[in-house]
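Shown next: entry.cif, containing mmCIF, C-alpha atoms.
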data_start
loop_
_atom_site.label_atom_id
_atom_site.label_comp_id
_atom_site.auth_asym_id
_atom_site.auth_seq_id
_atom_site.Cartn_x
_atom_site.Cartn_y
_atom_site.Cartn_z
CA MET A 29 -7.98 27.45 -15.07
CA GLN A 30 -4.25 27.06 -14.43
CA THR A 31 -1.79 26.56 -17.29
CA TYR A 32 1.14 24.19 -17.56
CA ALA A 33 4.67 25.18 -16.57
CA SER A 34 7.51 25.29 -19.09
CA THR A 35 8.96 22.13 -17.52
CA ALA A 36 5.75 20.11 -18.12
CA TRP A 37 6.18 17.02 -20.28
CA CYS A 38 4.50 17.19 -23.69
CA GLY A 39 5.27 13.64 -24.78
CA ASP A 40 8.77 14.20 -26.16
CA ARG A 41 11.18 11.28 -25.84
CA PRO A 42 14.14 11.72 -23.45
CA PHE A 43 17.38 11.62 -25.39
CA SER A 44 19.06 8.98 -23.19
CA CYS A 45 16.23 6.55 -22.48
CA GLU A 46 17.69 3.71 -24.59
CA PHE A 47 20.76 2.04 -23.12
CA ALA A 48 21.80 -1.28 -21.64
CA VAL A 49 21.00 -2.08 -18.04
CA ARG A 50 24.19 -1.93 -16.03
CA PRO A 51 24.53 -3.64 -12.65
CA PRO A 52 25.76 -1.51 -9.73
CA HIS A 53 29.42 -1.57 -8.81
CA GLU A 54 30.23 -4.48 -6.55
CA GLU A 55 31.64 -2.20 -3.88
CA ARG A 56 28.36 -0.27 -3.86
CA LEU A 57 26.16 -3.37 -3.68
CA PRO A 58 24.54 -3.43 -0.20
CA VAL A 59 24.38 -6.71 1.67
CA PRO A 60 20.76 -7.49 2.69
CA GLY A 61 21.81 -9.62 5.69
CA LYS A 62 20.53 -13.14 5.01
CA ALA A 63 21.64 -14.41 8.44
CA TRP A 64 19.60 -11.73 10.21
CA ARG A 65 16.51 -12.40 8.07
CA VAL A 66 16.63 -16.12 8.92
CA THR A 67 17.21 -15.35 12.60
CA LYS A 68 14.37 -12.83 12.64
CA THR A 69 11.98 -15.28 10.98
CA LEU A 70 12.76 -18.02 13.50
CA LEU A 71 12.48 -15.60 16.42
CA MET A 72 9.14 -14.26 15.24
CA ILE A 73 7.74 -17.78 14.81
CA LEU A 74 8.79 -18.71 18.35
CA LEU A 75 7.53 -15.46 19.82
CA ILE A 76 4.18 -15.65 18.04
CA ALA A 77 3.75 -19.24 19.24
CA ALA A 78 4.59 -18.10 22.79
CA LEU A 79 2.11 -15.23 22.48
CA VAL A 80 -0.72 -17.47 21.32
CA ALA A 81 -0.04 -20.13 23.95
CA SER A 82 0.30 -17.62 26.79
CA ILE A 83 -2.90 -15.80 25.76
CA ILE A 84 -4.85 -19.07 25.74
CA LEU A 85 -3.46 -20.22 29.10
CA PHE A 86 -3.91 -16.83 30.75
CA GLY A 87 -7.45 -16.61 29.34
CA MET A 88 -8.26 -19.97 30.90
CA ALA A 89 -7.00 -18.72 34.27
CA ALA A 90 -8.71 -15.33 33.99
CA PHE A 91 -12.15 -16.34 32.74
CA GLY A 92 -12.19 -19.60 34.68
CA SER A 93 -12.06 -17.47 37.83
CA GLY A 94 -14.74 -15.08 36.59
CA LEU A 95 -12.07 -12.32 36.34
CA ARG A 96 -11.79 -12.24 40.13
CA LEU A 97 -8.21 -11.23 40.84
CA SER A 98 -7.88 -13.01 44.18
CA VAL A 99 -8.87 -16.34 42.64
CA MET A 100 -6.99 -15.71 39.40
CA ILE A 101 -3.61 -15.24 41.13
CA GLU A 102 -3.90 -18.62 42.84
CA ASP A 103 -4.33 -20.41 39.53
CA PRO A 104 -1.07 -22.02 38.25
CA LEU A 105 -1.92 -20.88 34.74
CA PHE A 106 -1.67 -17.24 35.87
CA SER A 107 2.12 -17.42 35.33
CA ALA A 108 1.39 -17.39 31.57
CA LEU A 109 0.91 -13.64 32.01
CA TYR A 110 4.64 -13.22 32.58
CA VAL A 111 5.40 -15.19 29.43
CA LEU A 112 2.94 -12.98 27.54
CA ILE A 113 4.62 -9.77 28.74
CA ALA A 114 8.09 -11.12 27.96
CA ALA A 115 7.01 -12.17 24.45
CA ILE A 116 5.51 -8.74 23.72
CA VAL A 117 8.72 -7.03 24.85
CA MET A 118 10.83 -9.37 22.71
CA VAL A 119 8.65 -8.78 19.64
CA ASP A 120 9.08 -5.03 20.12
CA VAL A 121 12.86 -5.44 20.41
CA VAL A 122 13.08 -7.57 17.26
CA VAL A 123 10.93 -5.11 15.28
CA ARG A 124 13.05 -2.16 16.42
CA ILE A 125 16.28 -3.92 15.47
CA ASP A 126 14.82 -4.88 12.08
CA ASP A 127 13.65 -1.29 11.42
CA LYS A 128 17.11 0.01 12.29
CA LYS A 129 18.79 -2.44 9.91
CA GLN A 130 16.34 -1.60 7.14
CA SER A 131 16.95 2.14 7.66
CA GLN A 132 20.69 1.56 7.32
CA LEU A 133 20.18 -0.30 4.05
CA GLN A 134 17.88 2.40 2.69
CA ALA A 135 20.45 5.02 3.62
CA ASN A 136 22.82 3.16 1.28
CA GLY A 137 20.30 3.33 -1.54
CA PHE A 138 18.77 -0.11 -1.10
CA GLN A 139 15.18 -1.10 -0.39
CA ARG A 140 15.11 -4.52 1.20
CA ARG A 141 12.51 -6.28 -0.85
CA ALA A 142 13.02 -9.37 -2.92
CA SER A 143 11.69 -7.56 -5.97
CA HIS A 144 14.17 -4.71 -5.54
CA ARG A 145 17.40 -6.68 -5.27
CA LEU A 146 19.55 -5.81 -8.26
CA LYS A 147 22.31 -8.37 -8.74
CA SER A 148 24.84 -8.63 -11.52
CA GLU A 149 23.23 -11.87 -12.75
CA ALA A 150 19.64 -10.59 -12.42
CA ALA A 151 17.40 -11.59 -15.32
CA ARG A 152 14.23 -10.12 -16.77
CA LEU A 153 15.04 -6.55 -15.82
CA GLU A 154 14.12 -3.96 -18.41
CA ILE A 155 13.83 -0.21 -18.81
CA LEU A 156 10.39 0.77 -20.10
CA ASP A 157 10.04 3.32 -22.87
CA PHE A 158 8.36 6.75 -22.87
CA GLU A 159 6.16 6.22 -25.90
CA CYS A 160 2.55 6.94 -24.92
CA ARG A 161 -0.04 4.34 -25.90
CA PRO A 162 -3.16 5.86 -24.34
CA SER A 163 -5.92 3.55 -23.17
CA SER A 164 -8.97 5.44 -21.98
CA ARG A 165 -10.10 2.63 -19.68
CA SER A 166 -6.99 0.89 -18.31
CA ALA A 167 -7.05 2.94 -15.09
CA LEU A 168 -10.31 1.22 -14.16
CA LEU A 169 -8.80 -2.27 -14.08
CA PHE A 170 -5.15 -1.87 -13.26
CA PHE A 171 -4.78 1.25 -11.10
CA ARG A 172 -5.17 0.75 -7.37
CA SER A 173 -8.79 1.23 -6.20
CA GLY A 174 -9.79 2.13 -9.75
CA ASP A 175 -12.76 -0.26 -9.71
CA VAL A 176 -14.40 1.11 -6.53
CA ARG A 177 -18.16 1.45 -7.00
CA PRO A 178 -19.38 5.04 -7.64
CA SER A 179 -21.88 4.84 -4.76
CA LYS A 180 -19.09 3.99 -2.33
CA TRP A 181 -16.92 6.68 -3.88
CA ARG A 182 -19.56 9.34 -3.36
CA LYS A 183 -20.35 8.22 0.20
CA TYR A 184 -16.92 7.51 1.68
CA ILE A 185 -14.12 8.68 -0.59
CA SER A 186 -14.94 11.84 -2.54
CA GLY A 187 -14.37 14.11 0.46
CA LEU A 188 -11.01 12.61 1.48
CA SER A 189 -7.70 14.36 0.88
CA ASN A 190 -6.32 10.96 -0.20
CA PHE A 191 -7.67 7.42 -0.45
CA LYS A 192 -5.50 4.74 1.18
CA GLY A 193 -2.49 6.96 0.62
CA VAL A 194 -3.21 7.85 -3.02
CA LYS A 195 -3.94 11.46 -3.96
CA TRP A 196 -4.72 11.89 -7.65
CA ASP A 197 -6.08 15.05 -9.22
CA GLU A 198 -5.43 17.27 -12.23
CA GLU A 199 -2.26 18.63 -10.65
CA GLU A 200 -0.38 15.75 -9.04
CA LEU A 201 -0.27 12.03 -8.32
CA ALA A 202 1.10 11.56 -4.80
CA TYR A 203 1.47 8.84 -2.22
CA PHE A 204 1.15 9.36 1.55
CA SER A 205 2.26 6.98 4.28
CA PRO A 206 -0.22 6.05 7.04
CA SER A 207 -0.13 8.18 10.19
CA SER A 208 1.51 6.77 13.31
CA PHE A 209 -1.96 6.28 14.82
CA GLN A 210 -3.12 4.26 11.81
CA GLY A 211 0.04 2.16 11.97
CA LYS A 212 -0.53 1.35 15.64
CA MET A 213 -4.22 0.66 15.08
CA THR A 214 -3.28 -1.96 12.49
CA GLY A 215 -1.59 -3.95 15.26
CA VAL A 216 -4.48 -3.35 17.66
CA LEU A 217 -7.03 -4.58 15.13
CA PHE A 218 -4.85 -7.60 14.37
CA VAL A 219 -5.21 -8.59 18.04
CA CYS A 220 -8.82 -7.51 18.60
CA TRP A 221 -10.49 -9.21 15.62
CA PRO A 222 -9.48 -12.78 16.65
CA ILE A 223 -10.59 -12.06 20.22
CA ILE A 224 -14.02 -10.92 19.04
CA VAL A 225 -14.52 -13.65 16.44
CA LEU A 226 -13.09 -16.57 18.44
CA GLY A 227 -13.01 -15.45 22.05
CA TRP A 228 -16.30 -13.66 22.60
CA PRO A 229 -18.59 -16.61 21.73
CA ILE A 230 -16.63 -18.94 24.03
CA ILE A 231 -16.63 -16.40 26.87
CA VAL A 232 -20.35 -15.68 26.53
CA LEU A 233 -21.15 -19.41 26.62
CA HIS A 234 -18.86 -19.84 29.63
CA LEU A 235 -20.77 -17.13 31.53
CA PHE A 236 -23.90 -19.28 31.51
CA TYR A 237 -22.10 -21.88 33.61
CA LEU A 238 -21.00 -19.40 36.32
CA ASP A 239 -23.02 -18.12 39.24
CA VAL A 240 -23.64 -14.40 39.47
CA ASP A 241 -21.59 -14.21 42.65
CA ASP A 242 -18.61 -15.74 40.83
CA ILE A 243 -18.51 -13.05 38.15
CA ASN A 244 -16.60 -9.76 38.29
CA VAL A 245 -19.06 -7.65 36.30
CA ILE A 246 -16.76 -4.62 36.12
CA GLY A 247 -13.89 -6.79 34.89
CA TYR A 248 -15.98 -8.28 32.09
CA ALA A 249 -17.27 -4.84 31.08
CA ILE A 250 -13.71 -3.51 30.85
CA PHE A 251 -12.62 -6.56 28.83
CA PHE A 252 -15.44 -6.21 26.28
CA LEU A 253 -14.84 -2.47 25.95
CA LEU A 254 -11.09 -2.82 25.45
CA SER A 255 -11.25 -5.72 23.02
CA GLY A 256 -14.12 -4.31 21.00
CA GLY A 257 -13.33 -0.60 21.18
CA GLY A 258 -10.72 -0.59 18.44
CA VAL A 259 -12.86 -2.65 16.06
CA PHE A 260 -15.95 -0.52 16.60
CA HIS A 261 -13.88 2.64 16.13
CA SER A 262 -12.60 1.36 12.78
CA LEU A 263 -16.12 0.46 11.65
CA ILE A 264 -17.71 3.74 12.72
CA PHE A 265 -14.94 6.05 11.48
CA LYS A 266 -14.13 4.36 8.15
CA LYS A 267 -13.14 7.62 6.51
CA HIS A 268 -10.41 8.18 9.07
CA TYR A 269 -8.77 4.88 8.10
CA HIS A 270 -9.13 5.47 4.36
CA ASP A 271 -7.49 8.90 4.56
CA HIS A 272 -3.81 8.43 5.36
CA GLY A 273 -2.78 11.25 7.63
CA GLY A 274 0.95 10.56 7.43
CA THR A 275 3.68 12.32 5.48
CA LYS A 276 3.98 12.55 1.71
CA LYS A 277 6.46 10.06 0.24
CA PHE A 278 6.62 11.22 -3.40
CA ALA A 279 4.65 13.19 -5.96
CA LEU A 280 4.44 13.31 -9.76
CA ASN A 281 3.24 16.75 -10.83
CA ARG A 282 1.45 17.00 -14.19
CA ARG A 283 1.48 20.79 -14.40
CA THR A 284 5.20 21.16 -13.76
CA GLY A 285 6.44 17.81 -15.10
CA LEU A 286 8.49 17.29 -11.95
CA VAL A 287 8.96 14.27 -9.68
CA THR A 288 9.57 15.08 -6.02
CA LEU A 289 10.71 12.76 -3.23
CA TYR A 290 10.13 13.51 0.45
CA GLU A 291 11.56 12.33 3.75
CA SER A 292 9.67 13.10 6.96
CA GLY A 293 7.51 15.50 4.96
CA GLU A 294 10.50 17.51 3.70
CA GLU A 295 11.47 17.72 0.02
CA VAL A 296 14.80 15.98 -0.56
CA PHE A 297 14.97 15.47 -4.34
CA CYS A 298 13.22 17.00 -7.35
CA HIS A 299 13.83 16.49 -11.08
CA ARG A 300 11.92 16.32 -14.34
CA PHE A 301 9.84 13.25 -15.08
CA ILE A 302 11.84 12.42 -18.22
CA ASP A 303 15.07 12.46 -16.20
CA PHE A 304 13.98 9.19 -14.60
CA ASN A 305 14.08 5.66 -15.97
CA CYS A 306 11.27 3.24 -15.25
CA TYR A 307 12.47 -0.25 -14.27
CA PHE A 308 10.24 -3.31 -14.50
CA LYS A 309 11.70 -6.38 -12.86
CA GLN A 310 10.34 -9.85 -12.33
CA GLU A 311 11.96 -12.90 -10.79
CA TYR A 312 10.61 -16.40 -10.36
CA PHE A 313 11.26 -17.84 -6.90
CA GLY A 314 9.30 -21.06 -7.34
CA GLY A 315 6.95 -22.73 -4.88
CA ARG A 316 4.16 -20.67 -3.39
CA THR A 317 6.13 -17.43 -3.93
CA GLY A 318 6.03 -17.67 -7.71
CA TRP A 319 6.72 -14.47 -9.62
CA VAL A 320 7.88 -11.41 -7.68
CA ARG A 321 7.57 -8.17 -9.62
CA SER A 322 8.47 -4.54 -9.06
CA LEU A 323 7.93 -1.26 -10.88
CA HIS A 324 9.90 1.82 -9.92
CA MET A 325 11.47 4.96 -11.32
CA ALA A 326 15.08 5.91 -10.59
CA TYR A 327 16.96 9.07 -11.49
CA ARG A 328 19.07 8.15 -14.52
CA ASN A 329 21.97 10.58 -14.06
CA GLU A 330 23.46 8.76 -11.09
CA ASP A 331 26.01 5.96 -11.00
CA TYR A 332 23.87 3.78 -8.78
CA PRO A 333 20.25 3.59 -10.01
CA TYR A 334 18.69 3.08 -6.57
CA ASP A 335 19.79 6.30 -4.90
CA HIS A 336 16.49 8.04 -5.57
CA VAL A 337 13.61 5.62 -6.11
CA VAL A 338 9.88 6.14 -6.73
CA ASN A 339 8.04 2.92 -5.99
CA LEU A 340 5.22 2.82 -8.55
CA ALA A 341 4.13 -0.64 -7.39
CA THR A 342 2.01 1.11 -4.75
CA PHE A 343 -0.40 2.02 -7.57
CA VAL A 344 -0.76 -1.50 -9.02
CA SER A 345 -4.09 -3.25 -8.40
CA ASN A 346 -2.91 -6.87 -8.75
CA THR A 347 0.25 -8.95 -9.18
CA SER A 348 0.00 -9.75 -12.90
CA ALA A 349 2.76 -8.53 -15.20
CA ARG A 350 0.18 -6.76 -17.37
CA ALA A 351 -1.06 -4.73 -14.41
CA TYR A 352 2.45 -3.40 -13.72
CA LEU A 353 3.02 -2.48 -17.37
CA GLU A 354 -0.40 -0.85 -17.68
CA VAL A 355 0.22 1.31 -14.60
CA TRP A 356 3.33 2.68 -16.32
CA GLU A 357 1.21 3.46 -19.40
CA ILE A 358 -1.35 5.23 -17.19
CA ILE A 359 1.33 7.32 -15.48
CA LYS A 360 2.91 8.30 -18.82
CA CYS A 361 -0.46 9.39 -20.18
CA TYR A 362 -1.18 11.30 -16.98
CA MET A 363 2.15 13.17 -17.08
CA ASN A 364 1.84 13.90 -20.82
CA THR A 365 0.10 17.27 -21.06
CA ALA A 366 -0.66 16.66 -24.75
CA LEU A 367 -3.13 13.96 -23.69
CA PRO A 368 -6.30 14.20 -21.59
CA LEU A 369 -6.42 12.79 -18.08
CA PRO A 370 -7.01 9.02 -17.78
CA GLU A 371 -10.54 7.79 -17.11
CA SER A 372 -10.91 7.25 -13.36
CA LEU A 373 -13.21 8.17 -10.49
CA PHE A 374 -10.15 9.82 -8.93
CA LEU A 375 -10.13 12.34 -11.79
CA ALA A 376 -13.77 12.43 -12.92
CA SER A 377 -14.65 15.63 -11.06
CA ARG A 378 -11.29 17.28 -11.84
CA ARG A 379 -11.36 17.01 -15.64
CA PRO A 380 -12.81 20.52 -16.24
CA PHE A 381 -9.83 22.05 -14.39
CA ASP A 382 -7.21 20.58 -16.75
CA PRO A 383 -6.84 22.60 -20.00
CA THR A 384 -6.07 19.68 -22.34
CA THR A 385 -8.77 17.48 -20.84
CA ALA A 386 -11.41 20.21 -20.90
CA ALA A 387 -10.72 20.86 -24.59
CA TYR A 388 -10.80 17.13 -25.40
CA ASP A 389 -14.13 16.58 -23.58
CA SER A 390 -15.73 19.53 -25.38
CA GLU A 391 -14.73 18.06 -28.76
CA HIS A 392 -15.82 14.47 -28.07
CA GLU A 393 -19.43 13.70 -27.16
CA THR A 394 -18.58 10.30 -25.64
CA SER A 395 -15.98 11.74 -23.28
CA PRO A 396 -15.69 11.23 -20.38
CA LEU A 397 -16.64 7.57 -20.02
CA VAL A 398 -16.52 7.69 -16.22
CA THR A 399 -18.45 10.27 -14.21
CA SER A 400 -18.80 10.60 -10.46
CA ASN A 401 -22.61 10.55 -10.66
CA MET A 402 -22.97 7.37 -12.73
CA SER A 403 -24.82 4.41 -11.21
CA ASP A 404 -23.16 1.24 -9.97
CA SER A 405 -24.84 -0.82 -12.71
CA GLU A 406 -23.52 1.50 -15.43
CA PHE A 407 -20.07 1.33 -13.92
CA GLN A 408 -20.12 -2.48 -13.69
CA HIS A 409 -21.28 -2.68 -17.31
CA LEU A 410 -18.33 -0.48 -18.30
CA LEU A 411 -15.94 -2.69 -16.32
CA ARG A 412 -17.24 -5.79 -18.12
CA LYS A 413 -16.68 -4.11 -21.48
CA VAL A 414 -13.15 -3.14 -20.44
CA ASP A 415 -12.48 -6.69 -19.25
CA ASP A 416 -13.69 -8.13 -22.56
CA VAL A 417 -11.39 -5.80 -24.52
CA ASP A 418 -8.52 -6.67 -22.18
CA ASN A 419 -9.02 -10.41 -22.72
CA GLU A 420 -8.98 -9.94 -26.49
CA CYS A 421 -5.72 -7.97 -26.34
CA ARG A 422 -4.01 -10.09 -23.69
CA GLN A 423 -2.33 -12.43 -26.19
CA THR A 424 -0.83 -9.65 -28.30
CA ALA A 425 0.06 -7.04 -25.63
CA TYR A 426 3.63 -6.92 -24.42
#
Please render this file's structure as structure tokens.
Amino acid sequence: MQTYASTAWCGDRPFSCEFAVRPPHEERLPVPGKAWRVTKTLLMILLIAALVASIILFGMAAFGSGLRLSVMIEDPLFSALYVLIAAIVMVDVVVRIDDKKQSQLQANGFQRRASHRLKSEAARLEILDFECRPSSRSALLFFRSGDVRPSKWRKYISGLSNFKGVKWDEEELAYFSPSSFQGKMTGVLFVCWPIIVLGWPIIVLHLFYLDVDDINVIGYAIFFLLSGGGVFHSLIFKKHYHDHGGTKKFALNRRTGLVTLYESGEEVFCHRFIDFNCYFKQEYFGGRTGWVRSLHMAYRNEDYPYDHVVNLATFVSNTSARAYLEVWEIIKCYMNTALPLPESLFLASRRPFDPTTAAYDSEHETSPLVTSNMSDSEFQHLLRKVDDVDNECRQTAY
């Protein structure tokens, strides 16, 4: 069993964690580009409308001719294909320009999200403390994927290196970005699912009204294979989509007490956990947007607090304020080597390998509450008990 490093956090309070929130210097405040965001939104609406219309019109020309190319070309609706190609190219151009602008803003220490805009007049922004208030069950309700059924965990997740980007064991809590293949497949599935759900029934019904001689069998076979291949691949190889094969974005190491940030898989910044401040921000935008919240850590010994950011919102299970605050409590208890590991299926099989947790479990007969071999009914019963306790404490917490 490995031991903790000298830099590991044992629950001590950082000496400079209490101070007023200062806005960034005006000359350092990045401009998010409101004009471009409005232009991009309008362009995307027009392009998506053109895509949908051209797909429908081209589909009418293609399937109305039985996918016979010689007949299809003569149809006036065939020209919708050119509109479709032009719209796809324009969408790609707009996305590339937007990614370039976002990269420029991030290079200046700014993440372009409504919940991450720090303005001099920003309200309801606070720095959370480092006092540990351990809750043995909060990771089940508030941590991302914490309420996954044990049967599903054993069947699909236990053998993965990470689950939907989250790697959590006795040594580190890390987040991985999706691989480039997974990112592209997201777009493919976004196109294929509507075709299968809406298009296939209409096409199959239409085939009954065509003569066999009017049908290009090979063309239809290729269409069904192409449109359904991506969906069937995602259904058959579920584990591949759950395990993000991209690069590591950041890691919080329990054994060393260090927080490490990565770019393109390379370490770019590393400091102690207690050298960061945790910011919780919420703004009310009204309408359907409502409350927009963020939770992130930033290195405190820098003039501008967004130079090195760890986005903890990736670990939050829902959008309630309590969920964000509870995730911070979970992370503090995880990084505090004086406390046992939080109760979670992520950590159930790893508890014997952590010295503090192993000693705690040997001294307490009821620990751990969550085990990887428990039944779904036992797990659901535990979740209901946790939910009841949470409802009782909701009025007094925070």
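Atom pair atom CA of A:Val259 / atom CA of A:Pro178: separated by 25.8 Å.
Residues in contact range of A:Asp242, defined as at most 12 Å between all atoms listed in the file, with sequence neighbours fewer than 2 positions away removed, read Phe91, Gly92, Ser93, Gly94, Leu95, Arg96, Leu97, Ser98, Val99, Met100, His234, Leu235, Phe236, Tyr237, Leu238, Asp239, Val240, Asn244, Val245, Gly247 and Tyr248 of chain A.
For the atom pair formed by atom CA of A:Phe204 and atom CA of A:Lys276, the distance is 4.3 Å, given to one decimal.
Comparing A:Leu156, A:Phe260, A:Leu188, A:Ala366 by their smallest distance to A:Ala326, the closest is A:Leu156 (using only C-alpha atoms).
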Specify as a list in words each residue included when the PyMOL selection byres ((chain A and resi 189) around 12) is applied to this file. Tyr184, Ile185, Ser186, Gly187, Leu188, Asn190, Phe191, Lys192, Gly193, Val194, Lys195, Trp196, Asp197, Ala202, Tyr203, Phe204, Lys267, His268, Tyr269, His270, Asp271, His272, Gly273, Gly274, Lys276 and Phe374 of chain A
Need the shell around A:Gly87: protein/DNA/RNA residues with any atom at most 10 Å away, counting all atoms listed in the file. Skip same-chain ones fewer than 3 positions apart. Format as a list in words? Ala81, Ser82, Ile83, Ile84, Ala90, Phe91, Gly92, Ser93, Leu95, Leu105, Phe106, Ala108, Leu109, Gly227 and Ile231 of chain A
Would you list the contacts of stretch 33-42 of chain A as a PyMOL selection string, taking every protein, DNA or RNA residue within 6 Å and counting all atoms listed in the file, but skipping same-chain residues closer than 6 positions in sequence? chain A and resi 283-285+302+364-366
Within 12 Å of file point (-14.3, -12.1, 21.9), counting all atoms listed in the file, expressed as a VMD selection string: chain A and resid 87 91 219 to 234 248 251 to 257 259
With C-alpha atoms retained, write the just-selected residues as a short mmCIF file (atom, residue, chain, number, x, y, z; two decimals), in the frame of the given file.
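Heads up, here's the output in part_1.cif:
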data_model
loop_
_atom_site.label_atom_id
_atom_site.label_comp_id
_atom_site.auth_asym_id
_atom_site.auth_seq_id
_atom_site.Cartn_x
_atom_site.Cartn_y
_atom_site.Cartn_z
CA GLY A 87 -7.45 -16.61 29.34
CA PHE A 91 -12.15 -16.34 32.74
CA VAL A 219 -5.21 -8.59 18.04
CA CYS A 220 -8.82 -7.51 18.60
CA TRP A 221 -10.49 -9.21 15.62
CA PRO A 222 -9.48 -12.78 16.65
CA ILE A 223 -10.59 -12.06 20.22
CA ILE A 224 -14.02 -10.92 19.04
CA VAL A 225 -14.52 -13.65 16.44
CA LEU A 226 -13.09 -16.57 18.44
CA GLY A 227 -13.01 -15.45 22.05
CA TRP A 228 -16.30 -13.66 22.60
CA PRO A 229 -18.59 -16.61 21.73
CA ILE A 230 -16.63 -18.94 24.03
CA ILE A 231 -16.63 -16.40 26.87
CA VAL A 232 -20.35 -15.68 26.53
CA LEU A 233 -21.15 -19.41 26.62
CA HIS A 234 -18.86 -19.84 29.63
CA TYR A 248 -15.98 -8.28 32.09
CA PHE A 251 -12.62 -6.56 28.83
CA PHE A 252 -15.44 -6.21 26.28
CA LEU A 253 -14.84 -2.47 25.95
CA LEU A 254 -11.09 -2.82 25.45
CA SER A 255 -11.25 -5.72 23.02
CA GLY A 256 -14.12 -4.31 21.00
CA GLY A 257 -13.33 -0.60 21.18
CA VAL A 259 -12.86 -2.65 16.06
#
First collect every listed atom of stretch 339-351 of chain A; then fit an axis-aligned box around them, widen it by 3 Å on each side, and give centre and edge lengths in Å to one decimal, as lines of an AutoDock Vina configuration file.
center_x = 2.0
center_y = -3.4
center_z = -11.1
size_x = 18.1
size_y = 18.7
size_z = 18.6
At a cut-off of 9 Å, using all atoms listed in the file, what residues contact A:Asn346? Leave out same-chain residues fewer than 2 positions from it and give the result as a PDB file with C-alpha atoms, in the frame of the given file.
ATOM      1  CA  PHE A 170      -5.150  -1.870 -13.260  1.00  0.00           C
ATOM      2  CA  PHE A 171      -4.780   1.250 -11.100  1.00  0.00           C
ATOM      3  CA  ARG A 172      -5.170   0.750  -7.370  1.00  0.00           C
ATOM      4  CA  VAL A 344      -0.760  -1.500  -9.020  1.00  0.00           C
ATOM      5  CA  SER A 348       0.000  -9.750 -12.900  1.00  0.00           C
ATOM      6  CA  ALA A 349       2.760  -8.530 -15.200  1.00  0.00           C
ATOM      7  CA  ALA A 351      -1.060  -4.730 -14.410  1.00  0.00           C
ATOM      8  CA  TYR A 352       2.450  -3.400 -13.720  1.00  0.00           C
TER       9      TYR A 352
END
Could you tell me how far atom CA of A:Glu154 lies from atom CA of A:Tyr307, in Å and to one decimal? 5.8 Å
Residue IDs satisfying the PyMOL selection byres ((chain A and resi 79) around 9), as JSON, numbers by chain: {"A": [74, 75, 76, 77, 78, 80, 81, 82, 83, 84, 111, 112, 113, 115, 116]}
Could you tell me which residues the PyMOL selection byres ((chain A and resi 410) around 12) returns for this structure, as a VMD selection string? chain A and resid 164 to 166 168 to 169 175 177 371 to 372 397 to 399 402 to 409 411 to 417
List as a list in words: which residues have an atom within 9 Å of (13.5, -12.0, 19.1), counting all atoms listed in the file? Thr67, Lys68, Thr69, Leu70, Leu71, Met72, Leu74, Leu75, Ala115, Val117, Met118, Val119, Asp120, Val121, Val122 and Val123 of chain A
Taking only C-alpha atoms into account, which of A:Asp241, A:Glu357, A:Glu295, A:Asp303 comes nearest A:Tyr327? A:Asp303
